[in-house]
Amino acid sequence: MDAPPLTSQRRPFSVKLWPPSKNTRETLVERMMRNLTSESIFTRKYGSLSPEEAEENAKRIEDEAFMTANQHYEKEPDGDGGSAVQLYAKECSKLILEVLKKGPKGKDEKLPTSDSAKASRGTFFDISKGQRAFIEAEEAEELLRPLKDPENSFTKICFSNRSFGLGAARVAEPILISLKHQLKDVDLSDFIAGRPETEALEVMSIFSAALEGSVLNSLNLSDNALGEKGVRAFGALLKTQSQLEELYLMNDGISEEAACAVCELIPSTEKLRVLHFHNNMTGDEGAIAIAEVVKCSSLLEDFRCSSTRIGSDGGVALSEALENCIHLTKLDLRDNMFGVEAGVSLSKALSKHANLTEVYLSYLNLEDEGAIAIANILKETALSLTVLEMAGNDITAEAAPALSACIAAKSLLTKLNLAENELKDEGAIQIGKALQKGHEQLTEVDLSTNSIRRAGARFLAQVVVQKPGFKLLNIDGNFISEDGIDEVKSVFKKSPEMLASLDENDPEGGDEDEEDEEGEGEGEADEGELESKLKKLEVGEE
């Protein structure tokens, strides 16, 4: 059941570090094999493994680390994959050390497989690893056999990444019926991919009926091209869910009608803490329906409604609904068409959100008026803000004083993204001055494509290079002269990896009389960069 292609009004250039390629994963396995067999402080202490044993363990470790990081990436708000790469490396390092501490296995001892490792956890049953695949009745019987064990204690199941046909669904049906009263978390994302609509709807109805009456904490129905028909196919399940704490409906082709169906079918969202509604075709009328769900979700902490084709009217409705969500910590409304009016309305809602830590408001057409209204409010609230993104909003230097005052007040800020605006040197220097004092936790700043020139680029570089944990300054796509580029690179002479690529910089661009305006650039990351990160993998006792 294929979703119609979803397009939005503007799409930023983005750096993707995840997922790693097959070659990168194989290279990491080889590197871990060397860690397990070659002499080191750890192998001297615990003993080294044979090549065969090392290979089996390295493959298992990489597989488990990839699964853990990939699950994190799917829920990662900014979606660039950077934190997934870090988690991937960290998990590999931790698991290598665990293997070494156990020492070499005896001849008759079997190495644990990924499946047995998962089963040993006891509460989480997951068939999502590996390539996406169609499954029919025979394979379903084999895959789902552990769920038939009357003594199993599974409370969480993940059937994602496997496309269930009717035969497989009928195999799953009695199993789910027998389990539904012990289940708390159900992930059915991407589980009918490529199926004809009639079959897909019947499969969804079977799963829905089987799980009807379960008391779930978390339900993930993402990546299923639901539309209104799909939402209603899950009606039996949705109507019985009054205790949900997490609901994921991302990339589901949810239109206005489908959004209304969601609002109609779910009896209560009083306990909802996480609602992710990314990449749908909801529009204004659909947003008004979703706003009704949000309005009744007073405990909401994490709300994502990005890339959903919402305009001014829908933006105003959502903003007003968000005023009730005083516990909000993460807000992601990126890539919609709010405009100035909805931006001003959103600023009023933000005044109620003292606990915000991450705010993603890029590509909302806020312009200066909307950006200033939001910055003025955030300055006075959200004292623990760590991430602020307002890229692609047609923000000029006129809004820079308000933005700078807001940024200066956020001493815990780790990531700032103001890319694809028109701040120029004047605005960039003001932003740089706001970051000068404090901001010791700052790791990433992106002012790419802001018509910045030599003075602004140099000043930004001089400010951020002083931060103890700083990782990346992105000032690509600006108008920095050749001399300016040399100066910036000189600032980062001892740590060139902290300066993103400047391949898209245009030293001859812009107006002649703006030669000393400032900018920041956006970096390119490719498989080589990912490789370099993973090459630093070390075994650590953490």
# chains A, B, ... in the order shown; residues from 1 in each chain; ligands from 1
>>> select_by_dssp(residues="stretch 174-308 of chain A", states="strand (DSSP E)", output="ChimeraX atom specification")
/A:185-187,218-220,246-248,274-276,302-304
>>> select_by_dssp(residues="stretch 340-504 of chain A", states="helix (DSSP H, G or I)", output="VMD selection string")
chain A and resid 340 to 350 367 to 380 397 to 408 424 to 436 454 to 464 482 to 491 496 to 498
>>> write_last_selection(atoms="C-alpha atoms", output="mmCIF file, in the first residue's frame")
data_model
loop_
_atom_site.group_PDB
_atom_site.id
_atom_site.type_symbol
_atom_site.label_atom_id
_atom_site.label_comp_id
_atom_site.auth_asym_id
_atom_site.auth_seq_id
_atom_site.Cartn_x
_atom_site.Cartn_y
_atom_site.Cartn_z
ATOM 1 C CA VAL A 340 3.835 35.658 10.397
ATOM 2 C CA GLU A 341 0.363 35.439 11.992
ATOM 3 C CA ALA A 342 0.814 31.847 13.140
ATOM 4 C CA GLY A 343 4.342 32.700 14.288
ATOM 5 C CA VAL A 344 3.059 35.473 16.537
ATOM 6 C CA SER A 345 0.341 33.137 17.835
ATOM 7 C CA LEU A 346 2.984 30.506 18.557
ATOM 8 C CA SER A 347 5.006 33.024 20.562
ATOM 9 C CA LYS A 348 2.053 33.438 22.927
ATOM 10 C CA ALA A 349 1.919 29.659 23.457
ATOM 11 C CA LEU A 350 5.665 29.519 24.118
ATOM 12 C CA GLU A 367 9.970 36.473 8.631
ATOM 13 C CA ASP A 368 11.335 39.133 10.979
ATOM 14 C CA GLU A 369 8.055 39.847 12.758
ATOM 15 C CA GLY A 370 7.374 36.248 13.676
ATOM 16 C CA ALA A 371 10.996 35.563 14.586
ATOM 17 C CA ILE A 372 11.193 38.636 16.828
ATOM 18 C CA ALA A 373 7.957 37.727 18.621
ATOM 19 C CA ILE A 374 9.223 34.197 19.313
ATOM 20 C CA ALA A 375 12.712 35.338 20.344
ATOM 21 C CA ASN A 376 11.327 37.909 22.775
ATOM 22 C CA ILE A 377 9.220 35.255 24.505
ATOM 23 C CA LEU A 378 11.929 32.581 24.565
ATOM 24 C CA LYS A 379 14.305 35.080 26.141
ATOM 25 C CA GLU A 380 12.098 35.212 29.220
ATOM 26 C CA ALA A 397 19.586 41.684 10.437
ATOM 27 C CA GLU A 398 16.519 43.581 11.648
ATOM 28 C CA ALA A 399 15.651 40.628 13.879
ATOM 29 C CA ALA A 400 19.234 40.115 15.039
ATOM 30 C CA PRO A 401 18.986 42.208 18.247
ATOM 31 C CA ALA A 402 15.994 40.175 19.487
ATOM 32 C CA LEU A 403 17.603 36.881 18.492
ATOM 33 C CA SER A 404 20.902 37.859 20.104
ATOM 34 C CA ALA A 405 19.240 38.859 23.364
ATOM 35 C CA CYS A 406 17.424 35.511 23.436
ATOM 36 C CA ILE A 407 20.586 33.521 22.652
ATOM 37 C CA ALA A 408 22.620 35.416 25.247
ATOM 38 C CA LYS A 424 24.537 39.113 6.742
ATOM 39 C CA ASP A 425 27.601 40.388 8.621
ATOM 40 C CA GLU A 426 25.619 42.698 10.846
ATOM 41 C CA GLY A 427 23.406 39.938 12.156
ATOM 42 C CA ALA A 428 26.157 37.325 12.352
ATOM 43 C CA ILE A 429 28.378 39.568 14.469
ATOM 44 C CA GLN A 430 25.510 40.235 16.864
ATOM 45 C CA ILE A 431 24.872 36.496 17.147
ATOM 46 C CA GLY A 432 28.580 35.940 17.757
ATOM 47 C CA LYS A 433 28.646 38.543 20.533
ATOM 48 C CA ALA A 434 25.655 36.856 22.168
ATOM 49 C CA LEU A 435 27.674 33.627 22.293
ATOM 50 C CA GLN A 436 30.863 35.174 23.639
ATOM 51 C CA ARG A 454 34.804 38.052 5.746
ATOM 52 C CA ALA A 455 34.194 40.068 8.928
ATOM 53 C CA GLY A 456 31.228 38.039 10.113
ATOM 54 C CA ALA A 457 32.841 34.685 9.316
ATOM 55 C CA ARG A 458 36.065 35.604 11.088
ATOM 56 C CA PHE A 459 34.264 36.868 14.198
ATOM 57 C CA LEU A 460 32.071 33.789 14.504
ATOM 58 C CA ALA A 461 35.098 31.538 14.148
ATOM 59 C CA GLN A 462 37.003 33.426 16.846
ATOM 60 C CA VAL A 463 34.070 33.095 19.246
ATOM 61 C CA VAL A 464 33.186 29.420 18.857
ATOM 62 C CA GLU A 482 39.559 34.024 -0.306
ATOM 63 C CA ASP A 483 41.483 35.993 2.330
ATOM 64 C CA GLY A 484 38.555 35.572 4.695
ATOM 65 C CA ILE A 485 38.575 31.814 4.181
ATOM 66 C CA ASP A 486 42.303 31.719 4.935
ATOM 67 C CA GLU A 487 41.688 33.697 8.128
ATOM 68 C CA VAL A 488 38.885 31.404 9.257
ATOM 69 C CA LYS A 489 40.961 28.302 8.551
ATOM 70 C CA SER A 490 43.823 29.849 10.506
ATOM 71 C CA VAL A 491 41.515 30.231 13.517
ATOM 72 C CA PRO A 496 40.303 21.833 11.421
ATOM 73 C CA GLU A 497 37.573 19.216 11.945
ATOM 74 C CA MET A 498 35.532 21.867 13.764
#
>>> residues_around(residues="A:Glu136", least_positions_apart="4", cutoff="6 Å", atoms="only C-alpha atoms", output="number ranges by chain")
A: 165, 167-168
>>> write_last_selection(atoms="all heavy atoms", output="PDB file, in the first residue's frame")
ATOM      1  N   GLY A 165       1.559 -10.349   4.867  1.00  0.00           N
ATOM      2  CA  GLY A 165       0.461 -10.689   3.987  1.00  0.00           C
ATOM      3  C   GLY A 165      -0.691 -11.246   4.807  1.00  0.00           C
ATOM      4  O   GLY A 165      -0.589 -11.406   6.028  1.00  0.00           O
ATOM      5  N   GLY A 167      -1.892 -14.289   4.992  1.00  0.00           N
ATOM      6  CA  GLY A 167      -1.545 -15.539   5.666  1.00  0.00           C
ATOM      7  C   GLY A 167      -0.758 -15.293   6.939  1.00  0.00           C
ATOM      8  O   GLY A 167      -1.047 -15.888   7.989  1.00  0.00           O
ATOM      9  N   ALA A 168       0.235 -14.396   6.861  1.00  0.00           N
ATOM     10  CA  ALA A 168       1.050 -14.084   8.037  1.00  0.00           C
ATOM     11  C   ALA A 168       0.209 -13.406   9.105  1.00  0.00           C
ATOM     12  O   ALA A 168       0.390 -13.650  10.306  1.00  0.00           O
ATOM     13  CB  ALA A 168       2.219 -13.190   7.626  1.00  0.00           C
TER      14      ALA A 168
END
>>> residues_around(residues="A:Leu249", least_positions_apart="2", cutoff="10 Å", atoms="only C-alpha atoms", output="JSON, numbers by chain")
{"A": [189, 219, 220, 221, 222, 223, 224, 225, 226, 231, 247, 251, 252, 253, 254, 262, 275, 276, 277, 278, 279, 280, 305]}
>>> write_last_selection(atoms="C-alpha atoms", output="PDB file, in the first residue's frame")
ATOM      1  CA  SER A 189       5.388   0.718  11.790  1.00  0.00           C
ATOM      2  CA  LEU A 219       1.668   2.621  19.885  1.00  0.00           C
ATOM      3  CA  ASN A 220       3.628   3.183  16.673  1.00  0.00           C
ATOM      4  CA  LEU A 221       1.700   3.003  13.367  1.00  0.00           C
ATOM      5  CA  SER A 222       4.171   5.063  11.307  1.00  0.00           C
ATOM      6  CA  ASP A 223       5.199   4.418   7.680  1.00  0.00           C
ATOM      7  CA  ASN A 224       2.027   2.577   6.698  1.00  0.00           C
ATOM      8  CA  ALA A 225       0.394   4.935   4.167  1.00  0.00           C
ATOM      9  CA  LEU A 226      -2.736   4.767   6.276  1.00  0.00           C
ATOM     10  CA  VAL A 231      -6.870   4.879  10.315  1.00  0.00           C
ATOM     11  CA  LEU A 247       1.623   7.760  19.843  1.00  0.00           C
ATOM     12  CA  ASN A 251       4.731   9.311   7.249  1.00  0.00           C
ATOM     13  CA  ASP A 252       1.213   7.865   7.120  1.00  0.00           C
ATOM     14  CA  GLY A 253      -0.361   9.922   4.335  1.00  0.00           C
ATOM     15  CA  ILE A 254      -2.771  11.381   6.868  1.00  0.00           C
ATOM     16  CA  VAL A 262      -7.740  10.024  14.578  1.00  0.00           C
ATOM     17  CA  LEU A 275       2.884  12.693  19.929  1.00  0.00           C
ATOM     18  CA  HIS A 276       4.820  12.474  16.654  1.00  0.00           C
ATOM     19  CA  PHE A 277       2.942  13.413  13.507  1.00  0.00           C
ATOM     20  CA  HIS A 278       5.785  14.056  11.044  1.00  0.00           C
ATOM     21  CA  ASN A 279       5.571  14.017   7.225  1.00  0.00           C
ATOM     22  CA  ASN A 280       1.858  13.854   6.504  1.00  0.00           C
ATOM     23  CA  CYS A 305       4.244  17.998  13.720  1.00  0.00           C
TER      24      CYS A 305
END
>>> decode(residues="stretch 140-172 of chain A", atoms="N, CA and C atoms", output="JSON list (two decimals), in the first residue's frame")
[["chain", "number", "residue", "atom", "x", "y", "z"],
["A", 140, "ALA", "N", 6.03, -16.60, 9.09],
["A", 140, "ALA", "CA", 5.46, -16.01, 10.30],
["A", 140, "ALA", "C", 5.40, -17.03, 11.43],
["A", 141, "GLU", "N", 5.06, -18.28, 11.10],
["A", 141, "GLU", "CA", 5.03, -19.34, 12.11],
["A", 141, "GLU", "C", 6.38, -19.46, 12.80],
["A", 142, "GLU", "N", 7.46, -19.41, 12.01],
["A", 142, "GLU", "CA", 8.81, -19.55, 12.56],
["A", 142, "GLU", "C", 9.21, -18.31, 13.35],
["A", 143, "LEU", "N", 8.98, -17.13, 12.77],
["A", 143, "LEU", "CA", 9.40, -15.89, 13.40],
["A", 143, "LEU", "C", 8.70, -15.65, 14.74],
["A", 144, "LEU", "N", 7.42, -15.97, 14.79],
["A", 144, "LEU", "CA", 6.61, -15.63, 15.96],
["A", 144, "LEU", "C", 6.54, -16.75, 17.00],
["A", 145, "ARG", "N", 7.27, -17.85, 16.78],
["A", 145, "ARG", "CA", 7.19, -19.00, 17.67],
["A", 145, "ARG", "C", 7.49, -18.63, 19.13],
["A", 146, "PRO", "N", 8.51, -17.78, 19.41],
["A", 146, "PRO", "CA", 8.77, -17.45, 20.83],
["A", 146, "PRO", "C", 7.57, -16.82, 21.54],
["A", 147, "LEU", "N", 6.70, -16.16, 20.78],
["A", 147, "LEU", "CA", 5.53, -15.54, 21.40],
["A", 147, "LEU", "C", 4.50, -16.56, 21.87],
["A", 148, "LYS", "N", 4.61, -17.80, 21.37],
["A", 148, "LYS", "CA", 3.66, -18.84, 21.76],
["A", 148, "LYS", "C", 4.03, -19.50, 23.08],
["A", 149, "ASP", "N", 5.23, -19.26, 23.55],
["A", 149, "ASP", "CA", 5.66, -19.84, 24.81],
["A", 149, "ASP", "C", 4.76, -19.32, 25.92],
["A", 150, "PRO", "N", 4.03, -20.20, 26.62],
["A", 150, "PRO", "CA", 3.09, -19.73, 27.65],
["A", 150, "PRO", "C", 3.77, -19.03, 28.82],
["A", 151, "GLU", "N", 5.08, -19.23, 28.95],
["A", 151, "GLU", "CA", 5.80, -18.59, 30.05],
["A", 151, "GLU", "C", 6.54, -17.32, 29.61],
["A", 152, "ASN", "N", 6.31, -16.87, 28.39],
["A", 152, "ASN", "CA", 7.02, -15.67, 27.93],
["A", 152, "ASN", "C", 6.54, -14.46, 28.74],
["A", 153, "SER", "N", 7.42, -13.46, 28.82],
["A", 153, "SER", "CA", 7.08, -12.25, 29.58],
["A", 153, "SER", "C", 7.21, -11.00, 28.71],
["A", 154, "PHE", "N", 6.94, -11.17, 27.42],
["A", 154, "PHE", "CA", 7.07, -10.03, 26.51],
["A", 154, "PHE", "C", 6.01, -8.97, 26.81],
["A", 155, "THR", "N", 6.45, -7.74, 26.94],
["A", 155, "THR", "CA", 5.54, -6.61, 27.10],
["A", 155, "THR", "C", 5.66, -5.62, 25.95],
["A", 156, "LYS", "N", 6.71, -5.81, 25.14],
["A", 156, "LYS", "CA", 6.93, -4.92, 24.00],
["A", 156, "LYS", "C", 7.20, -5.74, 22.76],
["A", 157, "ILE", "N", 6.49, -5.44, 21.66],
["A", 157, "ILE", "CA", 6.73, -6.15, 20.40],
["A", 157, "ILE", "C", 6.98, -5.14, 19.29],
["A", 158, "CYS", "N", 7.87, -5.51, 18.38],
["A", 158, "CYS", "CA", 8.16, -4.68, 17.22],
["A", 158, "CYS", "C", 8.10, -5.55, 15.97],
["A", 159, "PHE", "N", 7.08, -5.30, 15.12],
["A", 159, "PHE", "CA", 6.92, -6.04, 13.87],
["A", 159, "PHE", "C", 7.32, -5.18, 12.66],
["A", 160, "SER", "N", 8.02, -4.11, 12.92],
["A", 160, "SER", "CA", 8.39, -3.16, 11.87],
["A", 160, "SER", "C", 9.33, -3.79, 10.84],
["A", 161, "ASN", "N", 9.32, -3.23, 9.64],
["A", 161, "ASN", "CA", 10.27, -3.61, 8.60],
["A", 161, "ASN", "C", 9.98, -4.97, 7.97],
["A", 162, "ARG", "N", 8.85, -5.61, 8.34],
["A", 162, "ARG", "CA", 8.42, -6.85, 7.71],
["A", 162, "ARG", "C", 7.01, -6.62, 7.17],
["A", 163, "SER", "N", 6.80, -6.95, 5.91],
["A", 163, "SER", "CA", 5.50, -6.71, 5.29],
["A", 163, "SER", "C", 4.62, -7.96, 5.42],
["A", 164, "PHE", "N", 3.58, -7.86, 6.24],
["A", 164, "PHE", "CA", 2.70, -8.99, 6.52],
["A", 164, "PHE", "C", 1.64, -9.15, 5.43],
["A", 165, "GLY", "N", 1.56, -10.35, 4.87],
["A", 165, "GLY", "CA", 0.46, -10.69, 3.99],
["A", 165, "GLY", "C", -0.69, -11.25, 4.81],
["A", 166, "LEU", "N", -1.79, -11.60, 4.14],
["A", 166, "LEU", "CA", -2.96, -12.10, 4.85],
["A", 166, "LEU", "C", -2.64, -13.39, 5.62],
["A", 167, "GLY", "N", -1.89, -14.29, 4.99],
["A", 167, "GLY", "CA", -1.55, -15.54, 5.67],
["A", 167, "GLY", "C", -0.76, -15.29, 6.94],
["A", 168, "ALA", "N", 0.23, -14.40, 6.86],
["A", 168, "ALA", "CA", 1.05, -14.08, 8.04],
["A", 168, "ALA", "C", 0.21, -13.41, 9.11],
["A", 169, "ALA", "N", -0.71, -12.54, 8.68],
["A", 169, "ALA", "CA", -1.58, -11.84, 9.64],
["A", 169, "ALA", "C", -2.46, -12.84, 10.39],
["A", 170, "ARG", "N", -2.95, -13.85, 9.69],
["A", 170, "ARG", "CA", -3.81, -14.84, 10.35],
["A", 170, "ARG", "C", -3.02, -15.72, 11.31],
["A", 171, "VAL", "N", -1.74, -15.90, 11.04],
["A", 171, "VAL", "CA", -0.87, -16.61, 11.98],
["A", 171, "VAL", "C", -0.67, -15.75, 13.23],
["A", 172, "ALA", "N", -0.49, -14.47, 13.02],
["A", 172, "ALA", "CA", -0.23, -13.56, 14.14],
["A", 172, "ALA", "C", -1.48, -13.33, 15.00]]
